[in-house]
$ cat my_file.csv   # CSV, C-alpha atoms
chain,number,residue,atom,x,y,z
A,185,MET,CA,148.9,107.7,197.9
A,186,THR,CA,147.8,109.2,194.6
A,187,ALA,CA,146.5,112.3,196.3
A,188,THR,CA,150.0,113.7,197.0
A,189,LEU,CA,150.2,115.7,193.9
A,190,GLU,CA,146.8,117.3,194.4
A,191,ALA,CA,147.6,118.1,198.0
A,192,ALA,CA,150.9,119.7,197.1
A,193,THR,CA,149.5,122.0,194.4
A,194,PRO,CA,147.9,125.2,195.7
A,195,THR,CA,144.2,125.4,194.9
A,196,PRO,CA,144.0,127.2,191.6
A,197,ALA,CA,141.7,130.1,191.3
A,198,ALA,CA,138.4,129.1,189.6
A,199,GLY,CA,139.2,131.6,186.9
A,200,GLU,CA,136.2,133.0,185.1
A,201,ILE,CA,133.9,130.4,186.4
A,202,PRO,CA,131.5,132.0,188.8
A,203,SER,CA,130.9,130.3,192.1
A,204,PHE,CA,127.8,130.5,194.3
A,205,THR,CA,126.2,128.9,197.3
A,206,VAL,CA,123.4,126.5,196.6
A,207,THR,CA,121.0,124.7,199.0
A,208,LEU,CA,120.1,121.1,198.4
A,209,ARG,CA,117.0,119.9,200.1
A,210,ILE,CA,117.5,116.1,200.3
A,211,ARG,CA,115.0,113.5,201.2
A,212,ARG,CA,116.7,111.4,203.9
A,213,PHE,CA,115.6,108.0,205.0
A,214,ASN,CA,117.4,105.6,207.3
A,215,PRO,CA,115.3,102.6,208.4
A,216,GLU,CA,117.7,102.0,211.3
A,217,VAL,CA,116.9,105.4,212.8
A,218,SER,CA,113.3,106.2,211.8
A,219,GLU,CA,110.5,104.8,209.7
A,220,GLU,CA,109.8,108.3,208.5
A,221,ALA,CA,111.7,110.0,205.7
A,222,THR,CA,112.7,113.6,206.4
A,223,TRP,CA,113.9,116.6,204.5
A,224,GLU,CA,117.4,117.9,205.2
A,225,ASP,CA,118.9,121.1,203.9
A,226,PHE,CA,122.6,121.3,202.9
A,227,THR,CA,124.3,124.5,201.7
A,228,VAL,CA,127.4,124.1,199.7
A,229,GLU,CA,129.7,126.3,197.6
A,230,ALA,CA,129.4,125.4,193.9
A,231,HIS,CA,130.8,126.5,190.6
A,232,GLY,CA,128.7,127.4,187.6
A,233,THR,CA,129.9,124.3,185.9
A,234,ASP,CA,129.0,121.9,188.7
A,235,ARG,CA,126.3,119.3,188.4
A,236,ILE,CA,124.0,118.0,191.1
A,237,LEU,CA,126.3,115.1,191.5
A,238,ASP,CA,129.2,117.4,192.4
A,239,ALA,CA,127.1,119.1,195.0
A,240,LEU,CA,126.1,115.7,196.4
A,241,HIS,CA,129.8,114.6,196.5
A,242,LYS,CA,130.7,117.8,198.4
A,243,ILE,CA,128.0,117.1,201.0
A,244,LYS,CA,129.1,113.4,201.3
A,245,TRP,CA,132.8,114.1,201.4
A,246,ASP,CA,132.9,117.3,203.5
A,247,GLU,CA,129.7,117.6,205.4
A,248,ASP,CA,127.8,114.4,206.1
A,249,GLY,CA,129.4,111.1,205.2
A,250,SER,CA,126.2,109.2,205.9
A,251,LEU,CA,124.4,110.6,202.9
A,252,THR,CA,123.8,107.7,200.6
A,253,PHE,CA,123.4,107.7,196.9
A,254,ARG,CA,124.4,105.5,193.9
A,255,ARG,CA,126.8,106.6,191.2
A,256,SER,CA,129.3,104.8,189.1
A,257,CYS,CA,130.6,106.4,186.0
A,258,ALA,CA,129.4,109.9,186.8
A,259,HIS,CA,129.1,110.7,183.1
A,260,GLY,CA,125.6,109.7,182.1
A,261,VAL,CA,126.4,106.2,180.8
A,262,CYS,CA,126.0,103.8,183.7
A,263,GLY,CA,122.5,104.9,184.7
A,264,SER,CA,123.2,104.6,188.5
A,265,ASP,CA,122.2,108.0,189.7
A,266,ALA,CA,118.7,108.6,188.5
A,267,MET,CA,116.9,110.7,191.1
A,268,ARG,CA,114.0,113.1,191.4
A,269,ILE,CA,115.4,116.6,191.2
A,270,ASN,CA,113.0,119.4,191.6
A,271,GLY,CA,110.2,117.0,191.0
A,272,ARG,CA,111.5,115.5,187.8
A,273,ASN,CA,113.5,112.4,187.2
A,274,ARG,CA,117.0,113.2,186.0
A,275,LEU,CA,120.5,111.8,186.2
A,276,ALA,CA,122.4,113.8,188.9
A,277,CYS,CA,125.5,113.5,186.7
A,278,LYS,CA,123.9,115.1,183.7
A,279,THR,CA,122.0,117.9,185.5
A,280,LEU,CA,123.9,121.2,185.9
A,281,LEU,CA,123.0,123.2,189.0
A,282,LYS,CA,122.5,126.3,187.0
A,283,ASP,CA,119.8,124.6,184.9
A,284,VAL,CA,117.6,123.8,187.9
A,285,ASN,CA,117.4,127.3,189.4
A,286,PRO,CA,120.1,127.4,192.2
A,287,ASP,CA,118.5,130.5,193.7
A,288,LYS,CA,115.9,128.4,195.4
A,289,PRO,CA,116.6,125.2,197.4
A,290,ILE,CA,116.9,122.3,194.9
A,291,THR,CA,114.9,119.2,196.1
A,292,VAL,CA,116.5,115.8,195.6
A,293,GLU,CA,114.5,112.7,196.3
A,294,PRO,CA,114.8,109.0,195.4
A,295,ILE,CA,112.9,107.9,192.3
A,296,LYS,CA,109.3,107.1,193.0
A,297,GLY,CA,107.6,103.7,193.0
A,298,LEU,CA,110.5,101.6,194.1
A,299,PRO,CA,111.2,100.7,197.7
A,300,VAL,CA,113.7,103.1,199.3
A,301,VAL,CA,116.7,101.3,200.9
A,302,LYS,CA,118.4,104.4,202.3
A,303,ASP,CA,118.4,108.1,201.4
A,304,LEU,CA,118.5,108.2,197.6
A,305,VAL,CA,119.2,104.5,197.1
A,306,VAL,CA,116.2,102.4,196.0
A,307,ASP,CA,115.8,98.7,195.5
A,308,MET,CA,116.0,98.2,191.8
A,309,GLU,CA,115.0,94.5,191.9
A,310,PRO,CA,111.4,94.9,190.8
A,311,PHE,CA,112.6,97.1,187.9
A,312,PHE,CA,115.1,94.5,186.8
A,313,ALA,CA,112.6,91.7,187.3
A,314,SER,CA,110.4,93.2,184.6
A,315,TYR,CA,113.4,93.7,182.4
A,316,ARG,CA,114.4,90.0,182.7
A,317,GLU,CA,110.8,88.9,181.9
A,318,ILE,CA,110.9,90.4,178.4
A,319,MET,CA,114.0,88.3,177.6
A,320,PRO,CA,116.5,91.0,176.7
A,321,PHE,CA,118.8,88.8,174.5
A,322,LEU,CA,119.0,87.6,170.9
A,323,ILE,CA,116.8,84.6,170.2
A,324,THR,CA,117.5,82.7,167.0
A,325,SER,CA,116.9,79.2,165.6
A,326,GLY,CA,118.8,76.9,163.3
A,327,ASN,CA,122.6,76.8,162.8
A,328,GLU,CA,124.7,79.7,163.7
A,329,PRO,CA,125.9,81.4,160.5
A,330,SER,CA,129.6,81.2,159.7
A,331,LYS,CA,129.7,84.9,159.0
A,332,GLU,CA,128.0,87.8,160.9
A,333,ARG,CA,124.2,88.0,160.9
A,334,TYR,CA,123.6,90.5,158.1
A,335,GLN,CA,121.4,93.5,158.7
A,336,SER,CA,120.8,96.4,156.4
A,337,PRO,CA,121.2,99.9,157.7
A,338,GLU,CA,117.4,100.4,157.1
A,339,ASP,CA,116.6,97.4,159.3
A,340,ARG,CA,119.0,98.7,162.0
A,341,ALA,CA,117.5,102.1,161.9
A,342,LYS,CA,114.1,100.6,163.0
A,343,PHE,CA,115.2,100.0,166.5
A,344,ASP,CA,118.1,102.4,166.8
A,345,ASP,CA,116.4,104.7,169.3
A,346,THR,CA,115.7,101.9,171.8
A,347,THR,CA,119.3,100.6,171.8
A,348,LYS,CA,120.3,103.8,173.8
A,349,CYS,CA,118.6,102.7,177.0
A,350,ILE,CA,121.0,102.6,180.1
A,351,LEU,CA,118.4,101.1,182.5
A,352,CYS,CA,118.5,104.0,184.9
A,353,ALA,CA,114.8,103.6,185.7
A,354,ALA,CA,114.1,107.3,185.3
A,355,CYS,CA,111.2,106.5,182.9
A,356,THR,CA,109.6,103.6,184.8
A,357,SER,CA,109.7,105.5,188.1
A,358,SER,CA,108.2,108.6,186.4
A,359,CYS,CA,105.1,106.6,185.3
A,360,PRO,CA,102.0,107.2,187.4
A,361,VAL,CA,100.7,103.8,186.5
A,362,PHE,CA,103.8,102.2,187.9
A,363,TRP,CA,103.5,104.2,191.1
A,364,THR,CA,100.1,102.6,192.0
A,365,ASP,CA,101.2,99.1,192.7
A,366,GLY,CA,104.4,98.4,190.8
A,367,GLN,CA,102.8,95.6,188.8
A,368,TYR,CA,103.0,97.4,185.4
A,369,PHE,CA,106.0,96.2,183.3
A,370,GLY,CA,107.0,99.8,182.9
A,371,PRO,CA,108.4,101.8,180.0
A,372,ALA,CA,112.0,100.6,180.3
A,373,ALA,CA,111.1,96.9,180.0
A,374,ILE,CA,108.9,97.7,176.9
A,375,VAL,CA,111.7,99.8,175.4
A,376,ASN,CA,114.1,96.9,175.7
A,377,ALA,CA,111.6,94.5,174.3
A,378,HIS,CA,111.1,96.9,171.4
A,379,ARG,CA,114.9,96.8,170.8
A,380,PHE,CA,114.6,93.0,170.0
A,381,ILE,CA,111.0,92.8,168.6
A,382,PHE,CA,112.0,95.1,165.7
A,383,ASP,CA,115.4,93.6,165.2
A,384,SER,CA,115.4,91.7,161.9
A,385,ARG,CA,117.9,89.2,163.2
A,386,ASP,CA,115.8,88.2,166.2
A,387,GLU,CA,113.2,85.4,166.1
A,388,GLY,CA,111.7,85.8,169.6
A,389,GLY,CA,109.4,88.7,168.6
A,390,THR,CA,106.2,86.7,169.0
A,391,GLN,CA,107.2,85.4,172.4
A,392,ARG,CA,108.0,89.0,173.6
A,393,LEU,CA,104.7,90.4,172.2
A,394,GLU,CA,102.9,87.5,174.0
A,395,ILE,CA,104.6,88.5,177.3
A,396,LEU,CA,103.8,92.2,176.9
A,397,ASN,CA,100.2,91.4,176.0
A,398,ASP,CA,99.8,90.8,179.7
A,399,LYS,CA,97.2,92.7,181.7
A,400,GLU,CA,100.1,94.6,183.2
A,401,GLY,CA,101.8,95.0,179.8
A,402,VAL,CA,101.7,97.7,177.1
A,403,TRP,CA,97.9,98.1,177.5
A,404,ARG,CA,98.4,99.8,180.8
A,405,CYS,CA,100.2,102.7,179.1
A,406,ARG,CA,98.1,105.8,179.2
A,407,THR,CA,100.4,107.8,176.9
A,408,THR,CA,101.1,110.5,179.5
A,409,PHE,CA,104.6,111.0,178.0
A,410,ASN,CA,106.2,111.2,181.5
A,411,CYS,CA,108.7,108.6,180.4
A,412,THR,CA,109.7,110.4,177.2
A,413,GLU,CA,110.2,113.6,179.2
A,414,ALA,CA,112.2,111.8,181.9
A,415,CYS,CA,114.6,109.8,179.6
A,416,PRO,CA,118.1,111.1,180.0
A,417,ARG,CA,119.1,109.6,176.7
A,418,GLY,CA,116.3,111.3,174.8
A,419,ILE,CA,114.6,108.0,173.7
A,420,GLU,CA,111.1,108.5,172.4
A,421,VAL,CA,109.8,106.0,174.9
A,422,THR,CA,106.1,106.6,174.4
A,423,LYS,CA,106.5,106.2,170.6
A,424,ALA,CA,108.3,102.9,171.2
A,425,ILE,CA,105.4,101.7,173.3
A,426,GLN,CA,102.9,102.7,170.6
A,427,GLU,CA,104.9,100.8,168.0
A,428,VAL,CA,104.8,97.7,170.2
A,429,LYS,CA,101.0,98.2,170.6
A,430,ARG,CA,100.6,98.5,166.8
A,431,ALA,CA,102.6,95.3,166.3
A,432,MET,CA,100.3,93.5,168.6
A,433,ILE,CA,97.2,94.8,166.9
A,434,THR,CA,98.4,93.9,163.5
A,435,ARG,CA,99.3,90.4,164.8
A,436,ALA,CA,95.8,89.9,166.4
A,437,PHE,CA,93.7,91.0,163.5
B,272,MET,CA,125.5,78.6,203.5
B,273,ALA,CA,126.4,76.5,206.6
B,274,HIS,CA,127.1,79.4,208.9
B,275,GLY,CA,124.2,81.2,210.5
B,276,THR,CA,121.4,80.0,208.2
B,277,ALA,CA,119.0,79.5,211.1
B,278,ALA,CA,119.2,83.1,212.1
B,279,VAL,CA,119.0,84.3,208.5
B,280,ALA,CA,116.0,82.1,207.6
B,281,LYS,CA,113.7,84.0,209.9
B,282,ILE,CA,113.9,87.2,208.0
B,283,ASP,CA,111.5,87.6,205.1
B,284,SER,CA,113.1,88.1,201.8
B,285,PRO,CA,112.8,91.8,201.2
B,286,ARG,CA,112.1,91.2,197.6
B,287,SER,CA,109.1,88.9,198.0
B,288,PRO,CA,106.3,91.5,197.8
B,289,TYR,CA,107.5,92.8,194.5
B,290,ALA,CA,107.2,89.8,192.3
B,291,ARG,CA,104.6,90.0,189.6
B,292,ARG,CA,101.5,88.4,191.1
B,293,LYS,CA,100.3,86.4,188.1
B,294,THR,CA,100.7,86.4,184.4
B,295,THR,CA,97.6,87.0,182.6
B,296,ARG,CA,98.2,86.5,178.9
B,297,GLY,CA,95.2,86.8,176.7
B,298,ASN,CA,93.9,89.3,174.3
B,299,TYR,CA,91.4,90.8,176.7
B,300,GLU,CA,93.2,94.0,177.3
B,301,LEU,CA,94.1,94.2,173.6
B,302,TYR,CA,90.4,94.0,172.5
B,303,SER,CA,89.3,96.4,175.2
B,304,TRP,CA,91.9,98.9,174.0
B,305,VAL,CA,90.8,98.5,170.4
B,306,PHE,CA,87.1,98.7,171.5
B,307,MET,CA,87.7,102.0,173.2
B,308,ARG,CA,89.0,103.5,170.0
B,309,ALA,CA,86.4,102.0,167.7
B,310,SER,CA,83.4,102.7,169.9
B,311,GLY,CA,84.7,106.2,170.5
B,312,VAL,CA,84.5,106.9,166.7
B,313,VAL,CA,81.1,105.3,166.4
B,314,LEU,CA,79.8,107.2,169.4
B,315,ILE,CA,80.8,110.6,167.9
B,316,VAL,CA,78.5,109.9,165.0
B,317,LEU,CA,75.7,108.5,167.1
B,318,ILE,CA,75.7,111.2,169.7
B,319,PHE,CA,76.1,114.1,167.3
B,320,GLY,CA,73.4,112.6,165.0
B,321,HIS,CA,71.1,112.2,168.1
B,322,LEU,CA,71.8,115.8,169.2
B,323,PHE,CA,71.2,117.2,165.7
B,324,VAL,CA,67.9,115.4,165.2
B,325,ASN,CA,66.6,116.3,168.6
B,326,LEU,CA,67.8,119.9,168.9
B,327,MET,CA,68.3,121.3,165.4
B,328,VAL,CA,65.9,119.7,162.9
B,329,GLY,CA,62.4,121.2,162.5
B,330,ASP,CA,61.2,123.1,165.6
B,331,GLY,CA,64.4,122.2,167.3
B,332,VAL,CA,64.5,121.9,171.1
B,333,HIS,CA,60.9,123.1,171.4
B,334,ALA,CA,59.6,120.1,169.6
B,335,ILE,CA,60.7,117.7,172.4
B,336,ASP,CA,57.8,116.3,174.4
B,337,PHE,CA,56.3,112.8,175.0
B,338,GLY,CA,54.9,112.6,171.6
B,339,PHE,CA,58.2,113.5,169.9
B,340,VAL,CA,60.1,110.7,171.8
B,341,ALA,CA,57.2,108.2,171.3
B,342,GLY,CA,57.3,109.0,167.6
B,343,LYS,CA,61.0,108.4,167.3
B,344,TRP,CA,60.8,105.1,169.2
B,345,ALA,CA,58.0,103.9,167.0
B,346,SER,CA,60.6,103.7,164.2
B,347,PRO,CA,63.0,100.7,164.1
B,348,LEU,CA,65.8,103.0,162.9
B,349,TRP,CA,65.7,105.1,166.1
B,350,GLN,CA,65.2,102.0,168.3
B,351,VAL,CA,68.4,100.6,166.9
B,352,TRP,CA,70.2,103.9,167.0
B,353,ASP,CA,69.3,104.5,170.7
B,354,LEU,CA,70.0,100.9,171.7
B,355,LEU,CA,73.4,101.1,170.0
B,356,MET,CA,74.1,104.4,171.7
B,357,LEU,CA,73.1,103.1,175.1
B,358,TRP,CA,75.2,99.9,174.9
B,359,LEU,CA,78.3,101.5,173.3
B,360,ALA,CA,78.3,104.4,175.7
B,361,MET,CA,77.7,102.2,178.7
B,362,ILE,CA,80.5,99.7,177.8
B,363,HIS,CA,82.8,102.5,176.7
B,364,GLY,CA,82.2,104.5,179.9
B,365,THR,CA,82.4,101.5,182.2
B,366,ASN,CA,85.6,100.3,180.7
B,367,GLY,CA,87.1,103.7,181.1
B,368,VAL,CA,86.1,103.9,184.8
B,369,ARG,CA,87.5,100.3,185.2
B,370,THR,CA,90.8,101.6,183.9
B,371,ILE,CA,90.8,104.5,186.3
B,372,ILE,CA,90.0,102.2,189.2
B,373,ASN,CA,92.9,99.9,188.1
B,374,ASP,CA,95.2,102.9,188.0
B,375,TYR,CA,94.2,104.6,191.2
B,376,ALA,CA,93.1,101.9,193.7
B,377,THR,CA,96.2,100.6,195.4
B,378,ARG,CA,94.6,97.8,197.5
B,379,ASP,CA,93.0,94.8,195.9
B,380,LEU,CA,90.0,95.0,198.3
B,381,THR,CA,89.2,98.6,197.4
B,382,ARG,CA,89.7,97.7,193.7
B,383,GLY,CA,87.3,94.8,194.0
B,384,ILE,CA,84.6,96.8,195.8
B,385,LEU,CA,84.8,99.7,193.4
B,386,LYS,CA,84.6,97.4,190.4
B,387,GLY,CA,81.6,95.5,191.9
B,388,LEU,CA,79.7,98.8,192.4
B,389,LEU,CA,80.6,99.8,188.8
B,390,LEU,CA,79.4,96.5,187.4
B,391,LEU,CA,76.1,96.9,189.4
B,392,ALA,CA,75.6,100.4,188.1
B,393,PHE,CA,76.3,99.2,184.5
B,394,THR,CA,73.9,96.3,184.7
B,395,VAL,CA,71.0,98.4,186.2
B,396,VAL,CA,71.3,101.1,183.5
B,397,VAL,CA,71.8,98.8,180.6
B,398,VAL,CA,69.0,96.4,181.6
B,399,LEU,CA,66.6,99.2,182.4
B,400,GLY,CA,67.4,101.1,179.2
B,401,THR,CA,67.1,98.1,177.0
B,402,LEU,CA,63.7,97.2,178.5
B,403,VAL,CA,62.5,100.7,178.0
B,404,ILE,CA,63.5,100.8,174.3
B,405,PHE,CA,61.9,97.4,173.6
B,406,THR,CA,58.7,97.5,175.7
B,407,PHE,CA,57.9,101.1,175.2
B,408,ASP,CA,54.3,101.8,174.3
B,409,PRO,CA,54.0,105.0,172.2
B,410,CYS,CA,50.2,105.2,172.7
B,411,PRO,CA,49.3,104.5,176.3
B,412,PRO,CA,45.5,103.9,176.4
B,413,ASP,CA,44.2,106.6,178.9
B,414,ALA,CA,46.5,109.4,178.1
B,415,PRO,CA,45.1,112.8,176.8
B,416,ALA,CA,45.2,112.8,173.0
B,417,GLU,CA,47.1,116.2,172.7
B,418,LEU,CA,50.1,114.7,174.4
B,419,LEU,CA,50.4,111.7,172.1
B,420,ALA,CA,52.1,111.3,168.7
B,421,SER,CA,49.9,112.0,165.7
B,422,PHE,CA,49.7,108.3,164.6
B,423,CYS,CA,48.0,107.2,167.9
B,424,THR,CA,44.6,108.7,167.0
B,425,ALA,CA,44.4,106.8,163.7
$ encode --input "my_file.csv" --output "structure tokens"
Amino acid sequence: MTATLEAATPTPAAGEIPSFTVTLRIRRFNPEVSEEATWEDFTVEAHGTDRILDALHKIKWDEDGSLTFRRSCAHGVCGSDAMRINGRNRLACKTLLKDVNPDKPITVEPIKGLPVVKDLVVDMEPFFASYREIMPFLITSGNEPSKERYQSPEDRAKFDDTTKCILCAACTSSCPVFWTDGQYFGPAAIVNAHRFIFDSRDEGGTQRLEILNDKEGVWRCRTTFNCTEACPRGIEVTKAIQEVKRAMITRAF
Amino acid sequence: MAHGTAAVAKIDSPRSPYARRKTTRGNYELYSWVFMRASGVVLIVLIFGHLFVNLMVGDGVHAIDFGFVAGKWASPLWQVWDLLMLWLAMIHGTNGVRTIINDYATRDLTRGILKGLLLLAFTVVVVLGTLVIFTFDPCPPDAPAELLASFCTA
């Protein structure tokens, strides 16, 4: 119904934007067809301003409707479309084709370490289970204040970086320790714990440190910086993990 | 819930294998992390001190023979130095390998076997090394005199 206007308008010339063909080599997996995942190449026409997500849309809408991937907002805020593009975790909606060398086939895989449901869709449940375990909500005691809970700009700045997380799992699924058995809490859970541990209004810091002091907690971090490199929001993930470690050590000694 | 529960109940929950197996709260990993840093710093001093004394001081590397080692282990300073070096290096190294096993072994059985072998190797080396340092006789009775430390002839 709403498409009438678009259909009536003749396709405008792309103007100065160059267009080119690009090959996407996509890791396909459909448990109803085969237990094995396979690579499949798709060649599409793309503009210089197109992102990986636009190319995926073109494939899904015009070539193969069975291609499965997640995306919601398509503008780098919802964190649905994290995938492994040319071997690095990125958001498909924030990665321009021209930035990942469209001359060669661009590989697109589901993020590693989480069970694949179909094609590029993974089961995020283990990831969210870790997130829930660190209690990502404000914990206070006593009566609720009649005004807002005051916080100075300096106190707010302490955890500003970690408030930016969109839970896309790019960091956790880029971590080699997480790939082994998926028992490690993962960078995302630690980042979100950091957001509350260093919040001056929150009183659950000790509990959260206690949770992350687990065998599978912050001490499994090997500071490989994969998470910091993968984060589409530019959060200094490894630094946040180190700050949580430091808080634990100062508490213990 | 009433419809079709019998058929649904047979299927395993696809999420069951991904639950955290057990929570292990305790300061063990914290202390082991701190120990790695602290022992690393101490080991730098101990090892480079050891290398300097053995290879650089006096005649340097040419001075090393049975008598040289026997002479060093006759002194309590070097006994303590070497004992500390042995223990710290062995715990530091074993803990490091334990971490690597934890990171790379995917199955619990493999992990268990590798850690068992590691613990065995650790015990053998530490016990043997400690015994040698403490029961070492610098002047064995029937050895030729020119091989022994100078204080043996006295």
$ interface_residues --input "my_file.csv" --of "chain A" --to "chain B" --cutoff "10 Å" --atoms "all atoms listed in the file" --output "PyMOL selection string"
chain A and resi 298-299+307-311+313-314+317+360-369+394-404+406+429+432-433+436
$ closest_residue --input "my_file.csv" --among "A:Ile350, A:Cys355, A:Cys257, A:Val428" --to "A:Arg274" --atoms "all atoms listed in the file"
A:Cys355
$ residues_around --input "my_file.csv" --residues "stretch 387-392 of chain A" --least-positions-apart "2" --cutoff "7 Å" --atoms "all atoms listed in the file" --output "count of residues only"
10
$ residues_around --input "my_file.csv" --residues "A:Arg235" --least-positions-apart "4" --cutoff "9 Å" --atoms "only C-alpha atoms" --output "list in words"
Ala230, His231, Ala239, Leu240, Ala276, Cys277, Lys278, Thr279, Leu280, Leu281 and Lys282 of chain A
$ atom_distance --input "my_file.csv" --atom1 "atom CA of B:Leu317" --atom2 "atom CA of B:Trp352"
7.2 Å
$ atom_distance --input "my_file.csv" --atom1 "atom CA of A:Asn285" --atom2 "atom CA of A:Gly418"
21.7 Å
$ atom_distance --input "my_file.csv" --atom1 "atom CA of A:Cys415" --atom2 "atom CA of A:Asn273"
8.1 Å
$ residues_around --input "my_file.csv" --residues "B:Asp408" --least-positions-apart "5" --cutoff "9 Å" --atoms "only C-alpha atoms" --output "list in words"
Ala341, Trp344 and Ala345 of chain B
$ closest_residue --input "my_file.csv" --among "B:Leu391, B:Ile404, B:Val397, B:Val328" --to "B:Trp349" --atoms "only C-alpha atoms"
B:Ile404
$ residues_around --input "my_file.csv" --residues "B:Lys343" --least-positions-apart "4" --cutoff "10 Å" --atoms "only C-alpha atoms" --output "PyMOL selection string"
chain B and resi 325+338-339+347-350+353+409+420
$ residues_around --input "my_file.csv" --residues "B:Leu322" --least-positions-apart "3" --cutoff "12 Å" --atoms "all atoms listed in the file" --output "PyMOL selection string"
chain B and resi 314-319+325-328+331-332+335+353+356
$ build_atoms --input "my_file.csv" --residues "stretch 406-417 of chain B" --atoms "N, CA and C atoms" --output "PDB file, keeping the file's coordinate frame"
ATOM      1  N   THR B 406      60.112  97.673 175.261  1.00  0.00           N
ATOM      2  CA  THR B 406      58.700  97.500 175.700  1.00  0.00           C
ATOM      3  C   THR B 406      57.945  98.789 175.708  1.00  0.00           C
ATOM      4  N   PHE B 407      58.537  99.803 175.123  1.00  0.00           N
ATOM      5  CA  PHE B 407      57.900 101.100 175.200  1.00  0.00           C
ATOM      6  C   PHE B 407      56.613 101.142 174.355  1.00  0.00           C
ATOM      7  N   ASP B 408      55.545 101.668 174.975  1.00  0.00           N
ATOM      8  CA  ASP B 408      54.300 101.800 174.300  1.00  0.00           C
ATOM      9  C   ASP B 408      54.056 103.246 173.887  1.00  0.00           C
ATOM     10  N   PRO B 409      54.101 103.570 172.628  1.00  0.00           N
ATOM     11  CA  PRO B 409      54.000 105.000 172.200  1.00  0.00           C
ATOM     12  C   PRO B 409      52.579 105.535 172.436  1.00  0.00           C
ATOM     13  N   CYS B 410      51.566 104.703 172.527  1.00  0.00           N
ATOM     14  CA  CYS B 410      50.200 105.200 172.700  1.00  0.00           C
ATOM     15  C   CYS B 410      49.550 104.584 173.925  1.00  0.00           C
ATOM     16  N   PRO B 411      49.916 105.068 175.157  1.00  0.00           N
ATOM     17  CA  PRO B 411      49.300 104.500 176.300  1.00  0.00           C
ATOM     18  C   PRO B 411      47.757 104.801 176.289  1.00  0.00           C
ATOM     19  N   PRO B 412      46.900 103.816 176.679  1.00  0.00           N
ATOM     20  CA  PRO B 412      45.500 103.900 176.400  1.00  0.00           C
ATOM     21  C   PRO B 412      44.747 105.106 177.058  1.00  0.00           C
ATOM     22  N   ASP B 413      45.019 105.484 178.343  1.00  0.00           N
ATOM     23  CA  ASP B 413      44.200 106.600 178.900  1.00  0.00           C
ATOM     24  C   ASP B 413      44.876 107.926 178.941  1.00  0.00           C
ATOM     25  N   ALA B 414      45.846 108.152 178.077  1.00  0.00           N
ATOM     26  CA  ALA B 414      46.500 109.400 178.100  1.00  0.00           C
ATOM     27  C   ALA B 414      45.735 110.446 177.242  1.00  0.00           C
ATOM     28  N   PRO B 415      45.787 111.755 177.614  1.00  0.00           N
ATOM     29  CA  PRO B 415      45.100 112.800 176.800  1.00  0.00           C
ATOM     30  C   PRO B 415      45.693 112.834 175.404  1.00  0.00           C
ATOM     31  N   ALA B 416      44.843 112.956 174.442  1.00  0.00           N
ATOM     32  CA  ALA B 416      45.200 112.800 173.000  1.00  0.00           C
ATOM     33  C   ALA B 416      46.238 113.875 172.606  1.00  0.00           C
ATOM     34  N   GLU B 417      46.153 115.110 173.203  1.00  0.00           N
ATOM     35  CA  GLU B 417      47.100 116.200 172.700  1.00  0.00           C
ATOM     36  C   GLU B 417      48.519 115.919 173.066  1.00  0.00           C
TER      37      GLU B 417
END
